file input09.cif (mmCIF, N, CA and C atoms)
data_structure
#
loop_
_atom_site.label_atom_id
_atom_site.label_comp_id
_atom_site.auth_asym_id
_atom_site.auth_seq_id
_atom_site.Cartn_x
_atom_site.Cartn_y
_atom_site.Cartn_z
N MET A 1 135.80 104.95 -189.00
CA MET A 1 137.21 105.20 -189.34
C MET A 1 138.05 104.04 -188.83
N LYS A 2 139.07 103.71 -189.62
CA LYS A 2 140.01 102.70 -189.16
C LYS A 2 141.39 102.99 -189.72
N CYS A 3 142.38 102.37 -189.06
CA CYS A 3 143.77 102.54 -189.44
C CYS A 3 144.40 101.15 -189.53
N VAL A 4 145.13 100.89 -190.62
CA VAL A 4 145.82 99.61 -190.76
C VAL A 4 147.30 99.83 -191.02
N HIS A 5 148.08 98.88 -190.55
CA HIS A 5 149.51 98.83 -190.80
C HIS A 5 149.74 97.64 -191.72
N LEU A 6 150.38 97.89 -192.86
CA LEU A 6 150.59 96.85 -193.85
C LEU A 6 152.07 96.57 -194.05
N ARG A 7 152.39 95.33 -194.29
CA ARG A 7 153.74 94.93 -194.70
C ARG A 7 153.57 94.05 -195.92
N ILE A 8 154.13 94.52 -197.04
CA ILE A 8 153.95 93.86 -198.33
C ILE A 8 155.29 93.28 -198.76
N THR A 9 155.28 92.00 -199.18
CA THR A 9 156.51 91.35 -199.62
C THR A 9 156.36 90.87 -201.06
N GLY A 10 157.50 90.60 -201.67
CA GLY A 10 157.55 90.17 -203.06
C GLY A 10 158.44 91.11 -203.84
N ARG A 11 158.20 91.20 -205.14
CA ARG A 11 158.94 92.17 -205.95
C ARG A 11 158.16 93.48 -205.89
N VAL A 12 158.48 94.26 -204.85
CA VAL A 12 157.72 95.48 -204.59
C VAL A 12 158.63 96.72 -204.50
N GLN A 13 159.92 96.54 -204.73
CA GLN A 13 160.82 97.69 -204.82
C GLN A 13 161.36 97.75 -206.24
N GLY A 14 161.53 98.97 -206.73
CA GLY A 14 162.02 99.16 -208.10
C GLY A 14 160.93 99.00 -209.15
N VAL A 15 159.67 98.98 -208.71
CA VAL A 15 158.55 98.82 -209.63
C VAL A 15 157.50 99.92 -209.43
N PHE A 16 157.91 101.02 -208.81
CA PHE A 16 157.04 102.18 -208.53
C PHE A 16 155.90 101.83 -207.59
N TYR A 17 156.13 100.87 -206.68
CA TYR A 17 155.08 100.49 -205.73
C TYR A 17 154.72 101.66 -204.82
N ARG A 18 155.73 102.32 -204.25
CA ARG A 18 155.44 103.42 -203.32
C ARG A 18 154.67 104.55 -204.00
N ALA A 19 155.14 104.98 -205.15
CA ALA A 19 154.47 106.09 -205.84
C ALA A 19 153.06 105.70 -206.27
N SER A 20 152.90 104.46 -206.73
CA SER A 20 151.57 104.00 -207.14
C SER A 20 150.65 103.87 -205.93
N ALA A 21 151.18 103.40 -204.80
CA ALA A 21 150.38 103.29 -203.57
C ALA A 21 149.96 104.68 -203.10
N GLN A 22 150.87 105.64 -203.20
CA GLN A 22 150.54 107.02 -202.83
C GLN A 22 149.41 107.55 -203.72
N ASP A 23 149.52 107.32 -205.02
CA ASP A 23 148.47 107.77 -205.94
C ASP A 23 147.12 107.14 -205.60
N GLU A 24 147.13 105.82 -205.34
CA GLU A 24 145.89 105.12 -205.03
C GLU A 24 145.30 105.62 -203.71
N ALA A 25 146.14 105.79 -202.70
CA ALA A 25 145.68 106.27 -201.40
C ALA A 25 145.07 107.67 -201.52
N ARG A 26 145.73 108.52 -202.28
CA ARG A 26 145.20 109.87 -202.47
C ARG A 26 143.88 109.84 -203.23
N ARG A 27 143.79 108.97 -204.24
CA ARG A 27 142.56 108.83 -205.01
C ARG A 27 141.41 108.40 -204.10
N LEU A 28 141.72 107.52 -203.15
CA LEU A 28 140.71 107.02 -202.22
C LEU A 28 140.41 107.99 -201.07
N GLY A 29 141.25 109.01 -200.90
CA GLY A 29 141.04 109.98 -199.83
C GLY A 29 141.61 109.56 -198.48
N LEU A 30 142.63 108.69 -198.50
CA LEU A 30 143.26 108.22 -197.27
C LEU A 30 144.35 109.15 -196.79
N VAL A 31 144.69 109.04 -195.52
CA VAL A 31 145.88 109.67 -194.98
C VAL A 31 146.81 108.55 -194.52
N GLY A 32 148.11 108.85 -194.48
CA GLY A 32 149.07 107.86 -194.02
C GLY A 32 150.41 108.01 -194.72
N TRP A 33 151.12 106.88 -194.86
CA TRP A 33 152.44 106.92 -195.46
C TRP A 33 152.82 105.54 -195.99
N VAL A 34 153.87 105.51 -196.81
CA VAL A 34 154.41 104.27 -197.36
C VAL A 34 155.93 104.42 -197.44
N ARG A 35 156.66 103.32 -197.23
CA ARG A 35 158.12 103.38 -197.33
C ARG A 35 158.68 101.99 -197.67
N ASN A 36 159.89 102.01 -198.24
CA ASN A 36 160.62 100.77 -198.49
C ASN A 36 161.25 100.29 -197.20
N LEU A 37 161.40 98.97 -197.08
CA LEU A 37 162.09 98.36 -195.95
C LEU A 37 163.42 97.80 -196.40
N PRO A 38 164.40 97.72 -195.50
CA PRO A 38 165.72 97.20 -195.88
C PRO A 38 165.69 95.77 -196.41
N ASP A 39 164.69 94.99 -196.02
CA ASP A 39 164.62 93.59 -196.46
C ASP A 39 163.97 93.41 -197.83
N GLY A 40 163.65 94.52 -198.50
CA GLY A 40 163.06 94.44 -199.84
C GLY A 40 161.54 94.57 -199.85
N GLY A 41 160.93 94.63 -198.68
CA GLY A 41 159.48 94.79 -198.59
C GLY A 41 159.08 96.24 -198.57
N VAL A 42 157.79 96.46 -198.46
CA VAL A 42 157.21 97.79 -198.36
C VAL A 42 156.30 97.81 -197.14
N GLU A 43 156.32 98.92 -196.42
CA GLU A 43 155.49 99.11 -195.24
C GLU A 43 154.60 100.32 -195.47
N ALA A 44 153.36 100.25 -194.99
CA ALA A 44 152.45 101.38 -195.15
C ALA A 44 151.50 101.47 -193.96
N VAL A 45 151.04 102.68 -193.70
CA VAL A 45 149.96 102.92 -192.76
C VAL A 45 148.90 103.71 -193.53
N ALA A 46 147.66 103.22 -193.45
CA ALA A 46 146.57 103.88 -194.16
C ALA A 46 145.40 104.07 -193.20
N GLN A 47 144.83 105.27 -193.23
CA GLN A 47 143.73 105.60 -192.32
C GLN A 47 142.62 106.30 -193.10
N GLY A 48 141.40 105.87 -192.84
CA GLY A 48 140.24 106.47 -193.49
C GLY A 48 138.99 105.71 -193.09
N THR A 49 137.95 105.82 -193.90
CA THR A 49 136.74 105.06 -193.62
C THR A 49 137.01 103.58 -193.87
N ASN A 50 136.14 102.73 -193.35
CA ASN A 50 136.31 101.29 -193.56
C ASN A 50 136.39 100.96 -195.05
N ASP A 51 135.49 101.53 -195.85
CA ASP A 51 135.47 101.23 -197.28
C ASP A 51 136.74 101.71 -197.98
N GLN A 52 137.21 102.90 -197.62
CA GLN A 52 138.44 103.42 -198.22
C GLN A 52 139.63 102.52 -197.90
N VAL A 53 139.76 102.16 -196.64
CA VAL A 53 140.89 101.34 -196.21
C VAL A 53 140.81 99.95 -196.84
N ASP A 54 139.63 99.36 -196.86
CA ASP A 54 139.47 98.03 -197.46
C ASP A 54 139.84 98.05 -198.94
N ALA A 55 139.44 99.10 -199.65
CA ALA A 55 139.78 99.23 -201.08
C ALA A 55 141.29 99.34 -201.25
N PHE A 56 141.97 100.08 -200.38
CA PHE A 56 143.42 100.23 -200.46
C PHE A 56 144.12 98.89 -200.20
N VAL A 57 143.66 98.16 -199.20
CA VAL A 57 144.25 96.85 -198.90
C VAL A 57 144.11 95.93 -200.11
N GLU A 58 142.95 95.94 -200.75
CA GLU A 58 142.75 95.10 -201.94
C GLU A 58 143.71 95.51 -203.05
N TRP A 59 143.91 96.83 -203.24
CA TRP A 59 144.85 97.30 -204.25
C TRP A 59 146.27 96.83 -203.91
N CYS A 60 146.65 96.89 -202.63
CA CYS A 60 148.00 96.51 -202.21
C CYS A 60 148.29 95.04 -202.46
N LYS A 61 147.27 94.21 -202.50
CA LYS A 61 147.48 92.78 -202.75
C LYS A 61 148.01 92.53 -204.15
N LYS A 62 147.76 93.46 -205.06
CA LYS A 62 148.25 93.33 -206.43
C LYS A 62 149.34 94.36 -206.73
N GLY A 63 149.12 95.60 -206.34
CA GLY A 63 150.09 96.66 -206.59
C GLY A 63 150.09 97.12 -208.03
N PRO A 64 151.13 97.86 -208.41
CA PRO A 64 151.23 98.37 -209.78
C PRO A 64 151.59 97.27 -210.77
N LYS A 65 151.59 97.62 -212.02
CA LYS A 65 151.75 96.69 -213.13
C LYS A 65 152.91 95.70 -212.98
N PHE A 66 154.10 96.15 -212.62
CA PHE A 66 155.28 95.29 -212.61
C PHE A 66 155.57 94.66 -211.25
N ALA A 67 154.74 94.93 -210.27
CA ALA A 67 154.94 94.33 -208.94
C ALA A 67 154.47 92.87 -208.95
N VAL A 68 155.12 92.08 -208.09
CA VAL A 68 154.68 90.70 -207.85
C VAL A 68 154.57 90.55 -206.33
N VAL A 69 153.37 90.69 -205.82
CA VAL A 69 153.12 90.61 -204.38
C VAL A 69 153.00 89.14 -204.00
N THR A 70 153.86 88.72 -203.06
CA THR A 70 153.81 87.32 -202.60
C THR A 70 153.22 87.20 -201.20
N GLY A 71 153.11 88.30 -200.49
CA GLY A 71 152.53 88.26 -199.15
C GLY A 71 152.14 89.64 -198.69
N ILE A 72 151.12 89.68 -197.85
CA ILE A 72 150.69 90.95 -197.26
C ILE A 72 150.18 90.67 -195.85
N ASP A 73 150.74 91.39 -194.90
CA ASP A 73 150.33 91.28 -193.51
C ASP A 73 149.59 92.57 -193.16
N VAL A 74 148.36 92.46 -192.70
CA VAL A 74 147.53 93.62 -192.39
C VAL A 74 147.14 93.55 -190.92
N ARG A 75 147.49 94.58 -190.18
CA ARG A 75 147.11 94.67 -188.76
C ARG A 75 146.33 95.95 -188.55
N GLU A 76 145.16 95.80 -187.93
CA GLU A 76 144.38 97.00 -187.60
C GLU A 76 144.98 97.61 -186.34
N GLU A 77 145.10 98.94 -186.34
CA GLU A 77 145.68 99.68 -185.22
C GLU A 77 144.73 100.78 -184.80
N GLY A 78 145.06 101.42 -183.71
CA GLY A 78 144.32 102.59 -183.28
C GLY A 78 144.55 103.75 -184.24
N LEU A 79 143.61 104.67 -184.28
CA LEU A 79 143.74 105.83 -185.16
C LEU A 79 144.96 106.65 -184.76
N GLU A 80 145.69 107.14 -185.76
CA GLU A 80 146.88 107.97 -185.51
C GLU A 80 146.51 109.43 -185.65
N ASP A 81 146.86 110.22 -184.66
CA ASP A 81 146.67 111.66 -184.74
C ASP A 81 147.78 112.28 -185.58
N GLY A 82 147.48 113.37 -186.23
CA GLY A 82 148.51 114.14 -186.92
C GLY A 82 148.82 113.70 -188.33
N LEU A 83 148.16 112.68 -188.86
CA LEU A 83 148.41 112.29 -190.24
C LEU A 83 147.73 113.29 -191.17
N VAL A 84 148.51 113.81 -192.11
CA VAL A 84 147.99 114.77 -193.08
C VAL A 84 148.45 114.33 -194.45
N GLY A 85 147.51 114.08 -195.36
CA GLY A 85 147.87 113.62 -196.69
C GLY A 85 148.41 112.20 -196.64
N PHE A 86 148.98 111.76 -197.75
CA PHE A 86 149.59 110.43 -197.84
C PHE A 86 150.98 110.62 -198.44
N GLU A 87 152.00 110.34 -197.64
CA GLU A 87 153.37 110.67 -198.05
C GLU A 87 154.23 109.42 -198.25
N ILE A 88 155.27 109.60 -199.03
CA ILE A 88 156.32 108.59 -199.17
C ILE A 88 157.39 108.93 -198.17
N ARG A 89 157.70 107.99 -197.29
CA ARG A 89 158.76 108.20 -196.31
C ARG A 89 160.03 107.48 -196.76
N HIS A 90 161.16 108.08 -196.34
CA HIS A 90 162.46 107.48 -196.71
C HIS A 90 163.20 107.03 -195.46
#
call {"tool": "encode", "arguments": {"input": "input09.cif", "output": "structure tokens"}}
result
Amino acid sequence: MKCVHLRITGRVQGVFYRASAQDEARRLGLVGWVRNLPDGGVEAVAQGTNDQVDAFVEWCKKGPKFAVVTGIDVREEGLEDGLVGFEIRH
């Protein structure tokens, strides 16, 4: 099991990035959350097996159809207790 904290930059707001990330994370069986940042980026925490998390990170590098990802920062963190499902935070 592993947990990563992601910060995604580019054209990632107004293109259904959060909803698409939630769908992908749920499809992969991850727990965590995703939210927009005031600077126009997107932040996410994803937790699951190594393969699940790695697949999600790869998806985040491209995002949904209309997104243009210009950067992604991925930091591995300790496992978070209490995560249930994958939610969009505001």
call {"tool": "residues_around", "arguments": {"input": "input09.cif", "residues": "stretch 38-50 of chain A", "least_positions_apart": "6", "cutoff": "6.5 Å", "atoms": "only N, CA and C atoms", "output": "mmCIF file with N, CA and C atoms, in the coordinates of the input"}}
result
data_model
loop_
_atom_site.group_PDB
_atom_site.id
_atom_site.type_symbol
_atom_site.label_atom_id
_atom_site.label_comp_id
_atom_site.auth_asym_id
_atom_site.auth_seq_id
_atom_site.Cartn_x
_atom_site.Cartn_y
_atom_site.Cartn_z
ATOM 1 N N MET A 1 135.800 104.950 -189.000
ATOM 2 C CA MET A 1 137.210 105.200 -189.340
ATOM 3 C C MET A 1 138.050 104.040 -188.830
ATOM 4 N N LYS A 2 139.070 103.710 -189.620
ATOM 5 C CA LYS A 2 140.010 102.700 -189.160
ATOM 6 C C LYS A 2 141.390 102.990 -189.720
ATOM 7 N N CYS A 3 142.380 102.370 -189.060
ATOM 8 C CA CYS A 3 143.770 102.540 -189.440
ATOM 9 C C CYS A 3 144.400 101.150 -189.530
ATOM 10 N N VAL A 4 145.130 100.890 -190.620
ATOM 11 C CA VAL A 4 145.820 99.610 -190.760
ATOM 12 C C VAL A 4 147.300 99.830 -191.020
ATOM 13 N N HIS A 5 148.080 98.880 -190.550
ATOM 14 C CA HIS A 5 149.510 98.830 -190.800
ATOM 15 C C HIS A 5 149.740 97.640 -191.720
ATOM 16 N N LEU A 6 150.380 97.890 -192.860
ATOM 17 C CA LEU A 6 150.590 96.850 -193.850
ATOM 18 C C LEU A 6 152.070 96.570 -194.050
ATOM 19 N N ARG A 7 152.390 95.330 -194.290
ATOM 20 C CA ARG A 7 153.740 94.930 -194.700
ATOM 21 C C ARG A 7 153.570 94.050 -195.920
ATOM 22 N N ILE A 8 154.130 94.520 -197.040
ATOM 23 C CA ILE A 8 153.950 93.860 -198.330
ATOM 24 C C ILE A 8 155.290 93.280 -198.760
ATOM 25 N N THR A 9 155.280 92.000 -199.180
ATOM 26 C CA THR A 9 156.510 91.350 -199.620
ATOM 27 C C THR A 9 156.360 90.870 -201.060
ATOM 28 N N GLY A 10 157.500 90.600 -201.670
ATOM 29 C CA GLY A 10 157.550 90.170 -203.060
ATOM 30 C C GLY A 10 158.440 91.110 -203.840
ATOM 31 N N VAL A 12 158.480 94.260 -204.850
ATOM 32 C CA VAL A 12 157.720 95.480 -204.590
ATOM 33 C C VAL A 12 158.630 96.720 -204.500
ATOM 34 N N GLN A 13 159.920 96.540 -204.730
ATOM 35 C CA GLN A 13 160.820 97.690 -204.820
ATOM 36 C C GLN A 13 161.360 97.750 -206.240
ATOM 37 N N GLY A 29 141.250 109.010 -200.900
ATOM 38 C CA GLY A 29 141.040 109.980 -199.830
ATOM 39 C C GLY A 29 141.610 109.560 -198.480
ATOM 40 N N LEU A 30 142.630 108.690 -198.500
ATOM 41 C CA LEU A 30 143.260 108.220 -197.270
ATOM 42 C C LEU A 30 144.350 109.150 -196.790
ATOM 43 N N VAL A 31 144.690 109.040 -195.520
ATOM 44 C CA VAL A 31 145.880 109.670 -194.980
ATOM 45 C C VAL A 31 146.810 108.550 -194.520
ATOM 46 N N GLY A 32 148.110 108.850 -194.480
ATOM 47 C CA GLY A 32 149.070 107.860 -194.020
ATOM 48 C C GLY A 32 150.410 108.010 -194.720
#
call {"tool": "select_by_dssp", "arguments": {"input": "input09.cif", "residues": "stretch 22-63 of chain A", "states": "helix (DSSP H, G or I)", "output": "PyMOL selection string"}}
result
chain A and resi 22-28+50-60
call {"tool": "closest_residue", "arguments": {"input": "input09.cif", "among": "A:Gly82, A:Ser20, A:Trp33, A:Gly14", "to": "A:Pro64", "atoms": "only C-alpha atoms"}}
result
A:Ser20
call {"tool": "atom_distance", "arguments": {"input": "input09.cif", "atom1": "atom N of A:Gln22", "atom2": "atom C of A:Cys60"}}
result
10.9 Å
call {"tool": "atom_distance", "arguments": {"input": "input09.cif", "atom1": "atom N of A:Gly63", "atom2": "atom CA of A:Tyr17"}}
result
7.7 Å
call {"tool": "atom_distance", "arguments": {"input": "input09.cif", "atom1": "atom CA of A:Ile88", "atom2": "atom CA of A:Arg75"}}
result
19.7 Å
call {"tool": "closest_residue", "arguments": {"input": "input09.cif", "among": "A:Gly85, A:Val68, A:Gly78, A:Asp73", "to": "A:Val15", "atoms": "all atoms listed in the file"}}
result
A:Val68
call {"tool": "select_by_dssp", "arguments": {"input": "input09.cif", "residues": "stretch 29-80 of chain A", "states": "strand (DSSP E or B)", "output": "JSON, numbers by chain"}}
result
{"A": [31, 32, 33, 34, 35, 36, 42, 43, 44, 45, 46, 47, 48, 68, 69, 70, 71, 72, 73, 74, 75, 76, 77]}
call {"tool": "write_last_selection", "arguments": {"input": "input09.cif", "atoms": "N, CA and C atoms", "output": "PDB file, in the frame of the given file"}}
result
ATOM      1  N   VAL A  31     144.690 109.040-195.520  1.00  0.00           N
ATOM      2  CA  VAL A  31     145.880 109.670-194.980  1.00  0.00           C
ATOM      3  C   VAL A  31     146.810 108.550-194.520  1.00  0.00           C
ATOM      4  N   GLY A  32     148.110 108.850-194.480  1.00  0.00           N
ATOM      5  CA  GLY A  32     149.070 107.860-194.020  1.00  0.00           C
ATOM      6  C   GLY A  32     150.410 108.010-194.720  1.00  0.00           C
ATOM      7  N   TRP A  33     151.120 106.880-194.860  1.00  0.00           N
ATOM      8  CA  TRP A  33     152.440 106.920-195.460  1.00  0.00           C
ATOM      9  C   TRP A  33     152.820 105.540-195.990  1.00  0.00           C
ATOM     10  N   VAL A  34     153.870 105.510-196.810  1.00  0.00           N
ATOM     11  CA  VAL A  34     154.410 104.270-197.360  1.00  0.00           C
ATOM     12  C   VAL A  34     155.930 104.420-197.440  1.00  0.00           C
ATOM     13  N   ARG A  35     156.660 103.320-197.230  1.00  0.00           N
ATOM     14  CA  ARG A  35     158.120 103.380-197.330  1.00  0.00           C
ATOM     15  C   ARG A  35     158.680 101.990-197.670  1.00  0.00           C
ATOM     16  N   ASN A  36     159.890 102.010-198.240  1.00  0.00           N
ATOM     17  CA  ASN A  36     160.620 100.770-198.490  1.00  0.00           C
ATOM     18  C   ASN A  36     161.250 100.290-197.200  1.00  0.00           C
ATOM     19  N   VAL A  42     157.790  96.460-198.460  1.00  0.00           N
ATOM     20  CA  VAL A  42     157.210  97.790-198.360  1.00  0.00           C
ATOM     21  C   VAL A  42     156.300  97.810-197.140  1.00  0.00           C
ATOM     22  N   GLU A  43     156.320  98.920-196.420  1.00  0.00           N
ATOM     23  CA  GLU A  43     155.490  99.110-195.240  1.00  0.00           C
ATOM     24  C   GLU A  43     154.600 100.320-195.470  1.00  0.00           C
ATOM     25  N   ALA A  44     153.360 100.250-194.990  1.00  0.00           N
ATOM     26  CA  ALA A  44     152.450 101.380-195.150  1.00  0.00           C
ATOM     27  C   ALA A  44     151.500 101.470-193.960  1.00  0.00           C
ATOM     28  N   VAL A  45     151.040 102.680-193.700  1.00  0.00           N
ATOM     29  CA  VAL A  45     149.960 102.920-192.760  1.00  0.00           C
ATOM     30  C   VAL A  45     148.900 103.710-193.530  1.00  0.00           C
ATOM     31  N   ALA A  46     147.660 103.220-193.450  1.00  0.00           N
ATOM     32  CA  ALA A  46     146.570 103.880-194.160  1.00  0.00           C
ATOM     33  C   ALA A  46     145.400 104.070-193.200  1.00  0.00           C
ATOM     34  N   GLN A  47     144.830 105.270-193.230  1.00  0.00           N
ATOM     35  CA  GLN A  47     143.730 105.600-192.320  1.00  0.00           C
ATOM     36  C   GLN A  47     142.620 106.300-193.100  1.00  0.00           C
ATOM     37  N   GLY A  48     141.400 105.870-192.840  1.00  0.00           N
ATOM     38  CA  GLY A  48     140.240 106.470-193.490  1.00  0.00           C
ATOM     39  C   GLY A  48     138.990 105.710-193.090  1.00  0.00           C
ATOM     40  N   VAL A  68     155.120  92.080-208.090  1.00  0.00           N
ATOM     41  CA  VAL A  68     154.680  90.700-207.850  1.00  0.00           C
ATOM     42  C   VAL A  68     154.570  90.550-206.330  1.00  0.00           C
ATOM     43  N   VAL A  69     153.370  90.690-205.820  1.00  0.00           N
ATOM     44  CA  VAL A  69     153.120  90.610-204.380  1.00  0.00           C
ATOM     45  C   VAL A  69     153.000  89.140-204.000  1.00  0.00           C
ATOM     46  N   THR A  70     153.860  88.720-203.060  1.00  0.00           N
ATOM     47  CA  THR A  70     153.810  87.320-202.600  1.00  0.00           C
ATOM     48  C   THR A  70     153.220  87.200-201.200  1.00  0.00           C
ATOM     49  N   GLY A  71     153.110  88.300-200.490  1.00  0.00           N
ATOM     50  CA  GLY A  71     152.530  88.260-199.150  1.00  0.00           C
ATOM     51  C   GLY A  71     152.140  89.640-198.690  1.00  0.00           C
ATOM     52  N   ILE A  72     151.120  89.680-197.850  1.00  0.00           N
ATOM     53  CA  ILE A  72     150.690  90.950-197.260  1.00  0.00           C
ATOM     54  C   ILE A  72     150.180  90.670-195.850  1.00  0.00           C
ATOM     55  N   ASP A  73     150.740  91.390-194.900  1.00  0.00           N
ATOM     56  CA  ASP A  73     150.330  91.280-193.510  1.00  0.00           C
ATOM     57  C   ASP A  73     149.590  92.570-193.160  1.00  0.00           C
ATOM     58  N   VAL A  74     148.360  92.460-192.700  1.00  0.00           N
ATOM     59  CA  VAL A  74     147.530  93.620-192.390  1.00  0.00           C
ATOM     60  C   VAL A  74     147.140  93.550-190.920  1.00  0.00           C
ATOM     61  N   ARG A  75     147.490  94.580-190.180  1.00  0.00           N
ATOM     62  CA  ARG A  75     147.110  94.670-188.760  1.00  0.00           C
ATOM     63  C   ARG A  75     146.330  95.950-188.550  1.00  0.00           C
ATOM     64  N   GLU A  76     145.160  95.800-187.930  1.00  0.00           N
ATOM     65  CA  GLU A  76     144.380  97.000-187.600  1.00  0.00           C
ATOM     66  C   GLU A  76     144.980  97.610-186.340  1.00  0.00           C
ATOM     67  N   GLU A  77     145.100  98.940-186.340  1.00  0.00           N
ATOM     68  CA  GLU A  77     145.680  99.680-185.220  1.00  0.00           C
ATOM     69  C   GLU A  77     144.730 100.780-184.800  1.00  0.00           C
TER      70      GLU A  77
END
call {"tool": "closest_residue", "arguments": {"input": "input09.cif", "among": "A:Arg26, A:Lys62, A:Arg11, A:Arg18", "to": "A:Arg89", "atoms": "all atoms listed in the file"}}
result
A:Arg18
call {"tool": "resolve_selection", "arguments": {"input": "input09.cif", "expression": "the PyMOL selection byres (((chain A and resi 56 and name CA) around 8) and name CA)", "output": "ChimeraX atom specification"}}
result
/A:24-25,28,46,52-55,57-60
call {"tool": "closest_residue", "arguments": {"input": "input09.cif", "among": "A:Asp81, A:Glu76, A:Asp51, A:Glu87", "to": "A:Ala19", "atoms": "only C-alpha atoms"}}
result
A:Glu87
call {"tool": "axis_aligned_box", "arguments": {"input": "input09.cif", "around": "stretch 77-88 of chain A", "padding_each_side": "8 Å", "output": "lines of an AutoDock Vina configuration file"}}
result
center_x = 150.5
center_y = 106.9
center_z = -191.2
size_x = 29.8
size_y = 31.8
size_z = 31.9
call {"tool": "decode", "arguments": {"input": "input09.cif", "residues": "stretch 26-45 of chain A", "atoms": "N, CA and C atoms", "output": "mmCIF file, in the first residue's frame"}}
result
data_model
loop_
_atom_site.group_PDB
_atom_site.id
_atom_site.type_symbol
_atom_site.label_atom_id
_atom_site.label_comp_id
_atom_site.auth_asym_id
_atom_site.auth_seq_id
_atom_site.Cartn_x
_atom_site.Cartn_y
_atom_site.Cartn_z
ATOM 1 N N ARG A 26 -11.945 5.899 -8.585
ATOM 2 C CA ARG A 26 -12.932 4.899 -8.177
ATOM 3 C C ARG A 26 -12.819 3.643 -9.030
ATOM 4 N N ARG A 27 -12.588 3.811 -10.334
ATOM 5 C CA ARG A 27 -12.420 2.668 -11.229
ATOM 6 C C ARG A 27 -11.233 1.813 -10.791
ATOM 7 N N LEU A 28 -10.173 2.485 -10.337
ATOM 8 C CA LEU A 28 -8.971 1.782 -9.898
ATOM 9 C C LEU A 28 -9.076 1.226 -8.474
ATOM 10 N N GLY A 29 -10.100 1.642 -7.729
ATOM 11 C CA GLY A 29 -10.282 1.163 -6.362
ATOM 12 C C GLY A 29 -9.488 1.933 -5.322
ATOM 13 N N LEU A 30 -9.153 3.191 -5.619
ATOM 14 C CA LEU A 30 -8.390 4.023 -4.690
ATOM 15 C C LEU A 30 -9.288 4.730 -3.691
ATOM 16 N N VAL A 31 -8.696 5.161 -2.594
ATOM 17 C CA VAL A 31 -9.352 6.077 -1.672
ATOM 18 C C VAL A 31 -8.546 7.370 -1.680
ATOM 19 N N GLY A 32 -9.225 8.477 -1.333
ATOM 20 C CA GLY A 32 -8.538 9.760 -1.287
ATOM 21 C C GLY A 32 -9.463 10.900 -1.654
ATOM 22 N N TRP A 33 -8.877 11.961 -2.221
ATOM 23 C CA TRP A 33 -9.657 13.139 -2.555
ATOM 24 C C TRP A 33 -8.941 13.964 -3.619
ATOM 25 N N VAL A 34 -9.688 14.894 -4.218
ATOM 26 C CA VAL A 34 -9.155 15.819 -5.214
ATOM 27 C C VAL A 34 -9.839 17.168 -5.016
ATOM 28 N N ARG A 35 -9.111 18.264 -5.262
ATOM 29 C CA ARG A 35 -9.714 19.594 -5.133
ATOM 30 C C ARG A 35 -8.961 20.600 -6.014
ATOM 31 N N ASN A 36 -9.671 21.679 -6.356
ATOM 32 C CA ASN A 36 -9.057 22.790 -7.065
ATOM 33 C C ASN A 36 -8.257 23.642 -6.089
ATOM 34 N N LEU A 37 -7.196 24.265 -6.588
ATOM 35 C CA LEU A 37 -6.395 25.193 -5.806
ATOM 36 C C LEU A 37 -6.628 26.612 -6.300
ATOM 37 N N PRO A 38 -6.467 27.605 -5.423
ATOM 38 C CA PRO A 38 -6.695 28.999 -5.830
ATOM 39 C C PRO A 38 -5.796 29.459 -6.977
ATOM 40 N N ASP A 39 -4.630 28.835 -7.138
ATOM 41 C CA ASP A 39 -3.704 29.262 -8.197
ATOM 42 C C ASP A 39 -4.005 28.634 -9.558
ATOM 43 N N GLY A 40 -5.109 27.889 -9.659
ATOM 44 C CA GLY A 40 -5.494 27.283 -10.935
ATOM 45 C C GLY A 40 -5.074 25.831 -11.081
ATOM 46 N N GLY A 41 -4.341 25.314 -10.106
ATOM 47 C CA GLY A 41 -3.920 23.917 -10.140
ATOM 48 C C GLY A 41 -4.933 23.006 -9.480
ATOM 49 N N VAL A 42 -4.605 21.740 -9.450
ATOM 50 C CA VAL A 42 -5.426 20.725 -8.807
ATOM 51 C C VAL A 42 -4.526 19.947 -7.854
ATOM 52 N N GLU A 43 -5.071 19.600 -6.696
ATOM 53 C CA GLU A 43 -4.352 18.837 -5.682
ATOM 54 C C GLU A 43 -5.124 17.551 -5.420
ATOM 55 N N ALA A 44 -4.409 16.460 -5.192
ATOM 56 C CA ALA A 44 -5.077 15.189 -4.913
ATOM 57 C C ALA A 44 -4.233 14.353 -3.960
ATOM 58 N N VAL A 45 -4.914 13.495 -3.221
ATOM 59 C CA VAL A 45 -4.277 12.463 -2.418
ATOM 60 C C VAL A 45 -4.912 11.148 -2.852
#
